[in-house]
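S.K.: Structure file coords.cif (mmCIF, C-alpha atoms) is given on the next line.
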data_work
#
loop_
_atom_site.label_atom_id
_atom_site.label_comp_id
_atom_site.auth_asym_id
_atom_site.auth_seq_id
_atom_site.Cartn_x
_atom_site.Cartn_y
_atom_site.Cartn_z
CA MET R 53 0.00 0.00 0.00
CA THR R 54 1.29 3.45 -0.87
CA VAL R 55 1.11 6.55 1.28
CA ARG R 56 -1.27 8.08 -1.24
CA SER R 57 -3.67 5.13 -1.14
CA ALA R 58 -3.65 5.22 2.66
CA LEU R 59 -4.40 8.94 2.61
CA ALA R 60 -7.34 8.28 0.33
CA LYS R 61 -8.87 6.40 3.25
CA MET R 62 -8.58 9.23 5.74
CA SER R 63 -11.27 11.76 6.51
CA TRP R 64 -11.46 14.78 8.77
CA GLU R 65 -15.18 14.16 9.28
CA GLY R 66 -15.38 10.44 10.00
CA TYR R 67 -16.31 7.13 8.38
CA THR R 68 -19.39 5.22 7.37
CA LEU R 69 -18.99 1.77 8.83
CA ARG R 70 -19.06 -1.28 6.60
CA SER R 71 -22.65 -1.73 5.44
CA LEU R 72 -24.77 -4.57 6.78
CA GLN R 73 -27.78 -6.04 5.04
CA HIS R 74 -31.10 -4.59 6.25
CA ALA R 75 -29.34 -2.03 8.48
CA ASN R 76 -29.11 1.73 8.37
CA PRO R 77 -25.44 2.64 7.93
CA ALA R 78 -23.69 4.05 10.99
CA PHE R 79 -21.41 7.05 10.56
CA VAL R 80 -18.69 7.34 13.20
CA PRO R 81 -17.34 10.89 13.50
CA THR R 82 -13.63 11.60 13.81
CA PHE R 83 -13.91 12.40 17.52
CA LEU R 84 -15.84 10.22 19.97
CA TYR R 85 -16.49 11.76 23.35
CA GLY R 86 -14.94 9.37 25.89
CA THR R 87 -16.86 9.02 29.15
CA ALA R 88 -14.61 6.81 31.29
CA TRP R 89 -13.87 8.02 34.84
CA LYS R 90 -16.23 11.01 34.63
CA LYS R 91 -18.27 9.69 37.58
CA ASP R 92 -21.08 12.01 38.75
CA ARG R 93 -20.12 14.64 36.15
CA THR R 94 -20.83 12.26 33.28
CA GLY R 95 -24.32 13.48 32.38
CA ASP R 96 -23.42 17.16 32.39
CA LEU R 97 -20.22 16.55 30.40
CA VAL R 98 -22.01 14.46 27.76
CA HIS R 99 -24.62 17.19 27.35
CA GLN R 100 -21.88 19.81 27.15
CA ALA R 101 -19.95 17.80 24.57
CA ILE R 102 -23.01 17.37 22.36
CA SER R 103 -23.89 21.04 22.78
CA THR R 104 -20.37 21.98 21.70
CA GLY R 105 -20.54 19.85 18.56
CA PHE R 106 -19.50 16.29 19.39
CA ARG R 107 -21.73 13.79 17.61
CA ALA R 108 -20.37 10.52 18.98
CA VAL R 109 -20.28 9.17 22.54
CA ASP R 110 -18.39 6.13 23.84
CA THR R 111 -19.37 4.40 27.09
CA ALA R 112 -19.57 0.91 28.61
CA ALA R 113 -21.81 -1.25 30.78
CA GLN R 114 -19.03 -1.24 33.37
CA PRO R 115 -19.99 0.72 36.52
CA LYS R 116 -16.40 0.33 37.75
CA HIS R 117 -15.21 2.98 35.28
CA TYR R 118 -18.30 4.35 33.49
CA ARG R 119 -21.69 5.83 34.38
CA GLU R 120 -23.62 4.56 31.39
CA ASP R 121 -26.85 5.60 33.10
CA LEU R 122 -25.69 9.21 33.25
CA VAL R 123 -24.50 9.05 29.63
CA GLY R 124 -28.12 8.24 28.80
CA GLU R 125 -29.33 11.19 30.86
CA GLY R 126 -26.97 13.55 29.06
CA VAL R 127 -28.05 12.27 25.65
CA ARG R 128 -31.76 12.50 26.53
CA LYS R 129 -31.35 16.08 27.71
CA ALA R 130 -29.64 17.00 24.44
CA LEU R 131 -32.48 15.33 22.52
CA SER R 132 -35.21 17.05 24.54
CA ASP R 133 -33.44 20.41 24.23
CA GLY R 134 -33.56 20.02 20.45
CA ILE R 135 -29.76 20.23 20.12
CA VAL R 136 -29.57 17.06 18.05
CA ARG R 137 -31.67 14.20 16.72
CA ARG R 138 -30.92 10.65 17.73
CA GLU R 139 -30.24 9.67 14.12
CA ASP R 140 -27.48 12.29 14.00
CA LEU R 141 -25.66 10.76 16.97
CA TYR R 142 -23.31 7.79 17.09
CA ILE R 143 -23.66 5.96 20.42
CA GLN R 144 -21.27 3.17 21.32
CA THR R 145 -21.16 1.03 24.44
CA LYS R 146 -19.46 -2.19 25.55
CA PHE R 147 -19.95 -5.57 27.13
CA THR R 148 -17.36 -6.04 29.86
CA SER R 149 -16.64 -9.54 31.14
CA VAL R 150 -16.50 -10.49 34.82
CA ASN R 151 -12.74 -9.90 35.02
CA GLY R 152 -13.21 -6.22 34.20
CA GLN R 153 -16.12 -5.57 36.54
CA ASN R 154 -16.45 -4.48 40.15
CA PRO R 155 -17.60 -7.69 41.88
CA ASP R 156 -20.09 -5.68 43.94
CA ASP R 157 -21.62 -3.77 41.01
CA MET R 158 -22.19 -5.63 37.75
CA PRO R 159 -24.96 -5.32 35.16
CA TYR R 160 -25.50 -9.10 35.29
CA ASN R 161 -25.22 -12.11 37.59
CA PRO R 162 -21.65 -13.47 37.31
CA LYS R 163 -22.95 -16.97 38.08
CA ASP R 164 -25.07 -17.01 34.92
CA SER R 165 -23.87 -18.46 31.65
CA LEU R 166 -21.74 -16.18 29.48
CA THR R 167 -24.57 -15.86 26.95
CA ASP R 168 -26.98 -14.82 29.71
CA GLN R 169 -24.42 -12.32 31.02
CA VAL R 170 -24.17 -10.72 27.58
CA GLN R 171 -27.94 -10.55 27.20
CA ALA R 172 -28.40 -8.98 30.65
CA SER R 173 -25.65 -6.45 29.95
CA VAL R 174 -27.22 -5.49 26.62
CA ARG R 175 -30.64 -5.11 28.27
CA SER R 176 -29.13 -2.78 30.86
CA SER R 177 -27.54 -0.73 28.08
CA PHE R 178 -30.86 -0.48 26.23
CA HIS R 179 -32.43 0.81 29.45
CA ASN R 180 -29.63 3.25 30.26
CA LEU R 181 -29.43 4.63 26.72
CA ARG R 182 -33.19 4.75 26.05
CA PRO R 183 -34.40 7.79 24.07
CA SER R 184 -36.84 9.12 26.69
CA ALA R 185 -37.32 8.99 30.45
CA GLU R 186 -40.15 6.45 30.24
CA PRO R 187 -38.78 2.96 31.01
CA GLU R 188 -40.80 1.42 28.17
CA SER R 189 -38.84 3.50 25.66
CA ALA R 190 -36.00 1.02 26.21
CA GLU R 191 -37.85 -1.14 23.68
CA GLU R 192 -37.10 1.53 21.06
CA THR R 193 -33.39 1.82 21.90
CA TYR R 194 -30.80 1.03 19.30
CA ILE R 195 -27.03 1.15 19.70
CA ASP R 196 -24.81 2.11 16.80
CA THR R 197 -21.92 -0.15 17.86
CA LEU R 198 -21.51 -2.53 20.75
CA VAL R 199 -17.90 -3.35 21.54
CA LEU R 200 -16.53 -6.41 23.29
CA HIS R 201 -14.43 -4.63 25.91
CA SER R 202 -11.63 -7.15 25.65
CA PRO R 203 -11.11 -10.71 24.44
CA LEU R 204 -12.15 -13.29 27.02
CA PRO R 205 -9.67 -15.79 28.53
CA THR R 206 -10.24 -18.31 25.73
CA MET R 207 -11.16 -17.94 22.09
CA ALA R 208 -14.17 -20.20 22.65
CA GLN R 209 -15.49 -17.80 25.29
CA THR R 210 -14.76 -14.81 23.06
CA ILE R 211 -16.76 -16.38 20.24
CA GLU R 212 -19.60 -17.31 22.61
CA ALA R 213 -19.90 -13.69 23.76
CA TRP R 214 -19.61 -12.44 20.18
CA SER R 215 -22.26 -14.87 18.97
CA ALA R 216 -24.64 -13.64 21.67
CA LEU R 217 -24.08 -10.06 20.48
CA GLU R 218 -24.65 -11.08 16.85
CA THR R 219 -28.28 -11.96 17.64
CA TYR R 220 -29.04 -8.23 18.07
CA VAL R 221 -27.55 -7.21 14.72
CA PRO R 222 -28.63 -5.37 12.62
CA HIS R 223 -31.81 -3.98 14.21
CA ARG R 224 -31.14 -3.26 17.88
CA ILE R 225 -27.36 -3.09 17.44
CA ARG R 226 -26.05 -1.78 14.13
CA HIS R 227 -22.42 -2.93 14.32
CA LEU R 228 -20.01 -4.84 16.56
CA GLY R 229 -16.44 -4.12 17.59
CA ILE R 230 -13.68 -5.27 19.91
CA SER R 231 -11.31 -3.40 22.21
CA ASN R 232 -7.94 -4.16 23.78
CA THR R 233 -7.21 -6.83 21.21
CA THR R 234 -4.10 -8.21 19.54
CA LEU R 235 -3.73 -8.88 15.84
CA PRO R 236 -3.79 -12.71 16.15
CA ILE R 237 -7.07 -12.57 18.10
CA LEU R 238 -8.56 -10.08 15.67
CA ARG R 239 -7.62 -12.28 12.71
CA GLU R 240 -9.23 -15.32 14.31
CA LEU R 241 -12.35 -13.36 15.22
CA VAL R 242 -12.71 -12.11 11.64
CA SER R 243 -12.34 -15.67 10.34
CA LEU R 244 -14.95 -17.12 12.73
CA ALA R 245 -17.55 -14.40 13.19
CA LYS R 246 -20.73 -14.12 11.13
CA VAL R 247 -20.87 -10.37 11.81
CA LYS R 248 -17.36 -9.07 11.20
CA PRO R 249 -15.97 -6.41 13.57
CA ALA R 250 -16.51 -2.90 12.24
CA VAL R 251 -14.30 -1.14 14.80
CA VAL R 252 -11.25 -1.90 16.92
CA GLN R 253 -10.65 0.32 19.93
CA ASN R 254 -7.08 0.09 21.23
CA ARG R 255 -4.60 2.17 23.14
CA PHE R 256 -2.27 3.90 20.68
CA TYR R 257 1.17 3.92 22.27
CA ALA R 258 4.77 2.76 21.97
CA GLY R 259 4.18 -0.27 24.21
CA THR R 260 2.40 -2.00 21.31
CA GLN R 261 4.62 -0.32 18.69
CA PHE R 262 1.60 1.85 17.88
CA ASP R 263 -0.34 -1.17 16.60
CA VAL R 264 1.16 -0.69 13.13
CA PRO R 265 0.49 -4.23 11.75
CA LEU R 266 -2.93 -4.33 13.41
CA ARG R 267 -3.92 -0.97 11.92
CA ALA R 268 -2.71 -2.10 8.50
CA TYR R 269 -4.95 -5.15 8.86
CA CYS R 270 -7.86 -2.90 9.85
CA ARG R 271 -7.39 -0.76 6.75
CA GLU R 272 -7.28 -3.87 4.59
CA HIS R 273 -10.53 -5.20 6.09
CA GLU R 274 -12.45 -1.90 6.28
CA ILE R 275 -12.30 -1.78 10.08
CA VAL R 276 -12.16 1.62 11.73
CA TYR R 277 -9.39 1.90 14.33
CA GLN R 278 -10.37 3.91 17.42
CA SER R 279 -7.36 5.31 19.26
CA PHE R 280 -7.63 5.95 23.00
CA TRP R 281 -5.19 7.39 25.56
CA THR R 282 -3.72 9.14 22.53
CA LEU R 283 -2.38 12.09 24.52
CA THR R 284 -1.81 10.56 27.95
CA ALA R 285 0.29 7.65 26.69
CA ASN R 286 2.37 9.67 24.22
CA PRO R 287 4.11 12.69 25.78
CA GLU R 288 7.13 12.04 23.56
CA LEU R 289 4.99 12.31 20.43
CA VAL R 290 3.41 15.55 21.64
CA ARG R 291 6.93 17.01 21.81
CA SER R 292 8.11 15.48 18.53
CA ARG R 293 9.32 17.48 15.53
CA PRO R 294 6.41 16.74 13.16
CA VAL R 295 3.81 17.52 15.84
CA ILE R 296 5.47 20.81 16.74
CA ALA R 297 5.81 21.72 13.04
CA LEU R 298 2.13 21.01 12.32
CA ALA R 299 0.99 22.91 15.41
CA ARG R 300 3.05 25.93 14.35
CA ASP R 301 2.08 25.93 10.69
CA ALA R 302 -1.62 25.12 11.14
CA GLY R 303 -2.02 27.43 14.15
CA ILE R 304 -3.33 24.78 16.53
CA SER R 305 -2.23 23.24 19.85
CA SER R 306 0.35 20.45 20.00
CA ALA R 307 -2.34 18.13 21.37
CA ALA R 308 -4.61 18.84 18.40
CA ALA R 309 -1.66 18.43 16.02
CA LEU R 310 -0.99 14.96 17.44
CA TYR R 311 -4.66 14.09 16.98
CA GLY R 312 -4.44 15.30 13.38
CA LEU R 313 -1.38 13.22 12.56
CA VAL R 314 -2.88 10.08 14.10
CA LEU R 315 -5.98 10.68 11.98
CA GLY R 316 -3.70 11.11 8.99
CA LEU R 317 -2.58 7.49 9.34
CA GLY R 318 -5.90 6.51 7.77
CA GLN R 319 -9.17 4.78 8.73
CA THR R 320 -8.74 6.10 12.27
CA THR R 321 -10.90 7.93 14.80
CA ILE R 322 -10.00 9.20 18.27
CA LEU R 323 -11.55 9.08 21.71
CA ASN R 324 -11.44 12.58 23.16
CA GLY R 325 -12.39 12.81 26.81
CA THR R 326 -11.60 16.42 27.67
CA THR R 327 -13.67 17.86 30.52
CA LYS R 328 -13.21 21.54 29.61
CA LYS R 329 -15.60 23.27 27.23
CA GLU R 330 -12.84 25.49 25.81
CA HIS R 331 -10.81 22.38 24.92
CA MET R 332 -13.85 20.75 23.32
CA GLU R 333 -14.34 23.82 21.16
CA ALA R 334 -10.64 24.15 20.34
CA ASP R 335 -10.30 20.49 19.33
CA LEU R 336 -13.35 20.62 17.05
CA ASN R 337 -12.14 23.88 15.50
CA ALA R 338 -8.68 22.33 15.04
CA LEU R 339 -10.20 19.68 12.76
CA LYS R 340 -11.46 22.46 10.49
CA SER R 341 -8.05 24.14 10.58
CA LEU R 342 -6.34 20.85 9.71
CA ALA R 343 -8.71 20.16 6.84
CA LEU R 344 -7.98 23.62 5.45
CA PHE R 345 -4.22 23.37 6.02
CA SER R 346 -3.90 19.93 4.39
CA SER R 347 -5.94 21.00 1.34
CA GLU R 348 -4.11 24.32 0.86
CA ASN R 349 -0.62 22.95 1.64
CA PRO R 350 -0.70 19.32 0.44
CA GLU R 351 3.05 18.95 0.00
CA GLU R 352 3.88 20.37 3.43
CA TRP R 353 1.17 18.24 5.03
CA GLN R 354 2.52 15.16 3.26
CA SER R 355 6.08 15.91 4.39
CA ILE R 356 5.05 16.37 8.03
CA LEU R 357 2.92 13.23 7.91
CA GLU R 358 5.80 11.19 6.47
CA ASP R 359 8.04 12.39 9.33
CA PHE R 360 5.37 11.24 11.77
CA GLU R 361 5.07 7.86 10.03
CA GLN R 362 8.79 7.38 10.63
CA LEU R 363 8.21 7.82 14.37
CA THR R 364 5.30 5.38 14.56
CA GLY R 365 6.75 2.83 12.15
CA ASP R 366 3.94 3.21 9.63
CA HIS R 367 6.42 3.95 6.86
CA VAL R 368 7.20 0.21 6.72
CA TYR R 369 3.59 -0.54 5.70
CA LEU R 370 3.11 2.53 3.52
CA GLN R 371 5.94 2.02 1.06
#
Can you dump the structure from the file as C-alpha cells?

M.R.:
Amino acid sequence: MTVRSALAKMSWEGYTLRSLQHANPAFVPTFLYGTAWKKDRTGDLVHQAISTGFRAVDTAAQPKHYREDLVGEGVRKALSDGIVRREDLYIQTKFTSVNGQNPDDMPYNPKDSLTDQVQASVRSSFHNLRPSAEPESAEETYIDTLVLHSPLPTMAQTIEAWSALETYVPHRIRHLGISNTTLPILRELVSLAKVKPAVVQNRFYAGTQFDVPLRAYCREHEIVYQSFWTLTANPELVRSRPVIALARDAGISSAAALYGLVLGLGQTTILNGTTKKEHMEADLNALKSLALFSSENPEEWQSILEDFEQLTGDHVYLQ
C-alpha cells in the first residue's frame, strides 16, 4: 500500500462503517467523546460535549469505570433540548466480562452463563441509553456499535460472547467491535464471526509499537481503528518534531496536532475525553483548521505526515 492510497482512506469528518444487510449505515465521526472516569459529572459533560458539537459518545456497561446511566441522561437532555436528533448521533457502548467488573456492582449475575451475562448487559444498556425517560422506551433503543471490551480468557469464550451479540444485529445493534485486542485474536475473530468487527478500539502507544500491523490489517478489512489514551500515553509524540511543526504551521495546539497526525494514518478515529468546554471547542475547531491546512498545503502536510510515520513505524507498511 502506498502513502497516497492510505491517505485516500482518511477523513477529517469520520467514516461510514461497513454496510450490513437490512441495516441503516452508521457514521462514526472523527472524535468520539470518551466518558470513562467522569463519575457524577458524566451526564453534564455528555450534554456539554453534544452542545459543543461532538456527535459521537463512547461508554460501557461497566460501573467500575463508566456511568452509562448518566450518559443516557446527558443524551436524553440533548435530545429534549432540540440540540440534536438521535439519528445524528453515534452511540457506542461495551460488554465487559466479569474480570473487568467491580464484583459488587455488575450489570448481570456473574454466576449465569456467558450468553446470559451478555444478554443482561445489553438489556441494561438499552435501558440506560433509552431515548426518553419512560422505562418502556427502552424497547425503542438502538445502539450504533456494541464493543466487546476485551477478548475473554479463551477464544471459545470470546466467540460465545460475540455470537450472543450477533443476535441483536442489525436492528437493535447496528455494528459490533472489539477493544484491547491483539492482531492474532482479531484475525481469528474475523475468520470465525458471522458479523465481522466494524471497529477496533485500542490504546495507541509505543508499548504496542503503535499497533502498526494491526492498523494495516484494519485498513485492509475496512475496520475503523479507534485510538484511546492518545495524549496521555504519548508525551514524547506531543513534543516530537512533526507535531510541533504542524501545530506551528496550522495554528493549533500540539495536542490537536498529534490528533491530526494520528488521523492522517488513515481509517482512524479518536476518543477525546476532555472535561473543559474550551478544549472541546478548540479540538473541534482544530479539525477544520487541519482540513484547510492539508488542502491548501498538500506537499507540506505530506512531508510532516511522512516524518510522523517514521516515528510510529507506519512507513514500513506505507511504502

S.K.: For His273 in chain R, which of R:Leu238, R:Ala216, R:Val150, R:Val136 is the closest residue, counting only C-alpha atoms?

M.R.: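 Looking at the shortest contact to His273 in chain R, the residue is R:Leu238.
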
S.K.: Given the file shown, determine the residues that the PyMOL selection byres ((chain R and resi 329) around 10) selects; report them as a list in words.

M.R.: Leu97, Gln100, Ala101, Ser103, Thr104, Thr326, Thr327, Lys328, Glu330, His331, Met332, Glu333, Ala334 and Asp335 of chain R

S.K.: Neighbours of Asp133 in chain R within 10 Å (only C-alpha atoms; same-chain residues fewer than 5 positions away dropped), as a count of residues only?

M.R.: 4

S.K.: Find the residue from R:Leu323, R:Leu122, R:Leu313, R:Ile135 that sits nearest to Glu358 in chain R; use only C-alpha atoms when measuring.

M.R.: R:Leu313

S.K.: Once the PyMOL selection byres ((chain R and resi 209) around 12) has been applied to the shown file, what residues remain in the selection, as a PDB file with C-alpha atoms, in the frame of the given file?

M.R.:
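Result file follows (selection_8.pdb):
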ATOM      1  CA  SER R 149     -16.640  -9.540  31.140  1.00  0.00           C
ATOM      2  CA  SER R 165     -23.870 -18.460  31.650  1.00  0.00           C
ATOM      3  CA  LEU R 166     -21.740 -16.180  29.480  1.00  0.00           C
ATOM      4  CA  THR R 167     -24.570 -15.860  26.950  1.00  0.00           C
ATOM      5  CA  GLN R 169     -24.420 -12.320  31.020  1.00  0.00           C
ATOM      6  CA  VAL R 170     -24.170 -10.720  27.580  1.00  0.00           C
ATOM      7  CA  LEU R 200     -16.530  -6.410  23.290  1.00  0.00           C
ATOM      8  CA  SER R 202     -11.630  -7.150  25.650  1.00  0.00           C
ATOM      9  CA  PRO R 203     -11.110 -10.710  24.440  1.00  0.00           C
ATOM     10  CA  LEU R 204     -12.150 -13.290  27.020  1.00  0.00           C
ATOM     11  CA  PRO R 205      -9.670 -15.790  28.530  1.00  0.00           C
ATOM     12  CA  THR R 206     -10.240 -18.310  25.730  1.00  0.00           C
ATOM     13  CA  MET R 207     -11.160 -17.940  22.090  1.00  0.00           C
ATOM     14  CA  ALA R 208     -14.170 -20.200  22.650  1.00  0.00           C
ATOM     15  CA  THR R 210     -14.760 -14.810  23.060  1.00  0.00           C
ATOM     16  CA  ILE R 211     -16.760 -16.380  20.240  1.00  0.00           C
ATOM     17  CA  GLU R 212     -19.600 -17.310  22.610  1.00  0.00           C
ATOM     18  CA  ALA R 213     -19.900 -13.690  23.760  1.00  0.00           C
ATOM     19  CA  TRP R 214     -19.610 -12.440  20.180  1.00  0.00           C
ATOM     20  CA  SER R 215     -22.260 -14.870  18.970  1.00  0.00           C
ATOM     21  CA  ALA R 216     -24.640 -13.640  21.670  1.00  0.00           C
ATOM     22  CA  LEU R 241     -12.350 -13.360  15.220  1.00  0.00           C
TER      23      LEU R 241
END

S.K.: Taking the file as I've supplied it (selection: the PyMOL selection byres ((chain R and resi 64) around 7)), which residues are included? Please answer as a short mmCIF file (atom, residue, chain, number, x, y, z; two decimals) with C-alpha atoms, keeping the file's coordinate frame.

M.R.:
data_model
loop_
_atom_site.label_atom_id
_atom_site.label_comp_id
_atom_site.auth_asym_id
_atom_site.auth_seq_id
_atom_site.Cartn_x
_atom_site.Cartn_y
_atom_site.Cartn_z
CA MET R 62 -8.58 9.23 5.74
CA SER R 63 -11.27 11.76 6.51
CA GLU R 65 -15.18 14.16 9.28
CA GLY R 66 -15.38 10.44 10.00
CA THR R 82 -13.63 11.60 13.81
CA LEU R 339 -10.20 19.68 12.76
CA ALA R 343 -8.71 20.16 6.84
#

S.K.: Mind listing as a count of residues only all residues within 10 Å of (-22.1, -0.3, 16.0), counting only C-alpha atoms?

M.R.: 27

S.K.: Report, in Å with one decimal, the straight-line distance from CA of Asn349 in chain R to CA of Gly303 in chain R.

M.R.: 13.4 Å

S.K.: Please determine the residues with any atom at most 10 Å from (1.7, 0.6, 14.8) (coordinates as given in the file, with all atoms listed in the file counting) and report them as a PDB file with C-alpha atoms, in the frame of the given file.

M.R.:
ATOM      1  CA  PHE R 256      -2.270   3.900  20.680  1.00  0.00           C
ATOM      2  CA  TYR R 257       1.170   3.920  22.270  1.00  0.00           C
ATOM      3  CA  ALA R 258       4.770   2.760  21.970  1.00  0.00           C
ATOM      4  CA  GLY R 259       4.180  -0.270  24.210  1.00  0.00           C
ATOM      5  CA  THR R 260       2.400  -2.000  21.310  1.00  0.00           C
ATOM      6  CA  GLN R 261       4.620  -0.320  18.690  1.00  0.00           C
ATOM      7  CA  PHE R 262       1.600   1.850  17.880  1.00  0.00           C
ATOM      8  CA  ASP R 263      -0.340  -1.170  16.600  1.00  0.00           C
ATOM      9  CA  VAL R 264       1.160  -0.690  13.130  1.00  0.00           C
ATOM     10  CA  PRO R 265       0.490  -4.230  11.750  1.00  0.00           C
ATOM     11  CA  LEU R 266      -2.930  -4.330  13.410  1.00  0.00           C
ATOM     12  CA  ARG R 267      -3.920  -0.970  11.920  1.00  0.00           C
ATOM     13  CA  ALA R 268      -2.710  -2.100   8.500  1.00  0.00           C
ATOM     14  CA  LEU R 317      -2.580   7.490   9.340  1.00  0.00           C
ATOM     15  CA  GLU R 361       5.070   7.860  10.030  1.00  0.00           C
ATOM     16  CA  LEU R 363       8.210   7.820  14.370  1.00  0.00           C
ATOM     17  CA  THR R 364       5.300   5.380  14.560  1.00  0.00           C
ATOM     18  CA  GLY R 365       6.750   2.830  12.150  1.00  0.00           C
ATOM     19  CA  ASP R 366       3.940   3.210   9.630  1.00  0.00           C
ATOM     20  CA  HIS R 367       6.420   3.950   6.860  1.00  0.00           C
ATOM     21  CA  VAL R 368       7.200   0.210   6.720  1.00  0.00           C
ATOM     22  CA  TYR R 369       3.590  -0.540   5.700  1.00  0.00           C
TER      23      TYR R 369
END

S.K.: Taking all atoms listed in the file into account, name the residue in R:Leu141, R:Ala113, R:Ala190, R:Leu342 that is nearest to Ala302 in chain R.

M.R.: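 Nearest candidate to Ala302 in chain R out of R:Leu141, R:Ala113, R:Ala190, R:Leu342: R:Leu342.
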
S.K.: Can you take the partial range 147-162 of chain R, add N, CA, C and O atoms, and return it as a PDB file, keeping the file's coordinate frame?

M.R.:
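What landed in part.pdb:
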ATOM      1  N   PHE R 147     -19.768  -4.482  26.173  1.00  0.00           N
ATOM      2  CA  PHE R 147     -19.950  -5.570  27.130  1.00  0.00           C
ATOM      3  C   PHE R 147     -18.611  -5.838  27.773  1.00  0.00           C
ATOM      4  O   PHE R 147     -17.608  -6.080  27.084  1.00  0.00           O
ATOM      5  N   THR R 148     -18.584  -5.795  29.102  1.00  0.00           N
ATOM      6  CA  THR R 148     -17.360  -6.040  29.860  1.00  0.00           C
ATOM      7  C   THR R 148     -17.508  -7.348  30.631  1.00  0.00           C
ATOM      8  O   THR R 148     -18.480  -7.532  31.366  1.00  0.00           O
ATOM      9  N   SER R 149     -16.563  -8.242  30.476  1.00  0.00           N
ATOM     10  CA  SER R 149     -16.640  -9.540  31.140  1.00  0.00           C
ATOM     11  C   SER R 149     -16.394  -9.402  32.641  1.00  0.00           C
ATOM     12  O   SER R 149     -16.002  -8.344  33.138  1.00  0.00           O
ATOM     13  N   VAL R 150     -16.608 -10.483  33.355  1.00  0.00           N
ATOM     14  CA  VAL R 150     -16.500 -10.490  34.820  1.00  0.00           C
ATOM     15  C   VAL R 150     -15.156  -9.955  35.290  1.00  0.00           C
ATOM     16  O   VAL R 150     -15.073  -9.206  36.271  1.00  0.00           O
ATOM     17  N   ASN R 151     -14.082 -10.314  34.585  1.00  0.00           N
ATOM     18  CA  ASN R 151     -12.740  -9.900  35.020  1.00  0.00           C
ATOM     19  C   ASN R 151     -12.550  -8.397  35.019  1.00  0.00           C
ATOM     20  O   ASN R 151     -11.683  -7.881  35.731  1.00  0.00           O
ATOM     21  N   GLY R 152     -13.346  -7.672  34.261  1.00  0.00           N
ATOM     22  CA  GLY R 152     -13.210  -6.220  34.200  1.00  0.00           C
ATOM     23  C   GLY R 152     -14.233  -5.468  35.033  1.00  0.00           C
ATOM     24  O   GLY R 152     -14.277  -4.230  34.996  1.00  0.00           O
ATOM     25  N   GLN R 153     -15.044  -6.196  35.783  1.00  0.00           N
ATOM     26  CA  GLN R 153     -16.120  -5.570  36.540  1.00  0.00           C
ATOM     27  C   GLN R 153     -15.789  -5.460  38.032  1.00  0.00           C
ATOM     28  O   GLN R 153     -14.943  -6.202  38.557  1.00  0.00           O
ATOM     29  N   ASN R 154     -16.464  -4.544  38.689  1.00  0.00           N
ATOM     30  CA  ASN R 154     -16.450  -4.480  40.150  1.00  0.00           C
ATOM     31  C   ASN R 154     -17.334  -5.612  40.665  1.00  0.00           C
ATOM     32  O   ASN R 154     -18.519  -5.673  40.314  1.00  0.00           O
ATOM     33  N   PRO R 155     -16.802  -6.531  41.461  1.00  0.00           N
ATOM     34  CA  PRO R 155     -17.600  -7.690  41.880  1.00  0.00           C
ATOM     35  C   PRO R 155     -18.872  -7.322  42.636  1.00  0.00           C
ATOM     36  O   PRO R 155     -19.806  -8.123  42.715  1.00  0.00           O
ATOM     37  N   ASP R 156     -18.919  -6.103  43.184  1.00  0.00           N
ATOM     38  CA  ASP R 156     -20.090  -5.680  43.940  1.00  0.00           C
ATOM     39  C   ASP R 156     -21.068  -4.841  43.114  1.00  0.00           C
ATOM     40  O   ASP R 156     -22.097  -4.391  43.635  1.00  0.00           O
ATOM     41  N   ASP R 157     -20.762  -4.628  41.832  1.00  0.00           N
ATOM     42  CA  ASP R 157     -21.620  -3.770  41.010  1.00  0.00           C
ATOM     43  C   ASP R 157     -21.473  -4.148  39.553  1.00  0.00           C
ATOM     44  O   ASP R 157     -20.700  -3.545  38.810  1.00  0.00           O
ATOM     45  N   MET R 158     -22.229  -5.166  39.144  1.00  0.00           N
ATOM     46  CA  MET R 158     -22.190  -5.630  37.750  1.00  0.00           C
ATOM     47  C   MET R 158     -23.573  -5.502  37.135  1.00  0.00           C
ATOM     48  O   MET R 158     -24.589  -5.562  37.840  1.00  0.00           O
ATOM     49  N   PRO R 159     -23.651  -5.391  35.816  1.00  0.00           N
ATOM     50  CA  PRO R 159     -24.960  -5.320  35.160  1.00  0.00           C
ATOM     51  C   PRO R 159     -25.566  -6.701  34.886  1.00  0.00           C
ATOM     52  O   PRO R 159     -26.525  -6.812  34.128  1.00  0.00           O
ATOM     53  N   TYR R 160     -24.995  -7.742  35.484  1.00  0.00           N
ATOM     54  CA  TYR R 160     -25.500  -9.100  35.290  1.00  0.00           C
ATOM     55  C   TYR R 160     -25.051  -9.946  36.471  1.00  0.00           C
ATOM     56  O   TYR R 160     -24.207  -9.550  37.285  1.00  0.00           O
ATOM     57  N   ASN R 161     -25.597 -11.158  36.547  1.00  0.00           N
ATOM     58  CA  ASN R 161     -25.220 -12.110  37.590  1.00  0.00           C
ATOM     59  C   ASN R 161     -23.998 -12.899  37.099  1.00  0.00           C
ATOM     60  O   ASN R 161     -24.086 -13.623  36.098  1.00  0.00           O
ATOM     61  N   PRO R 162     -22.860 -12.783  37.786  1.00  0.00           N
ATOM     62  CA  PRO R 162     -21.650 -13.470  37.310  1.00  0.00           C
ATOM     63  C   PRO R 162     -21.753 -14.987  37.345  1.00  0.00           C
ATOM     64  O   PRO R 162     -20.919 -15.673  36.743  1.00  0.00           O
TER      65      PRO R 162
END
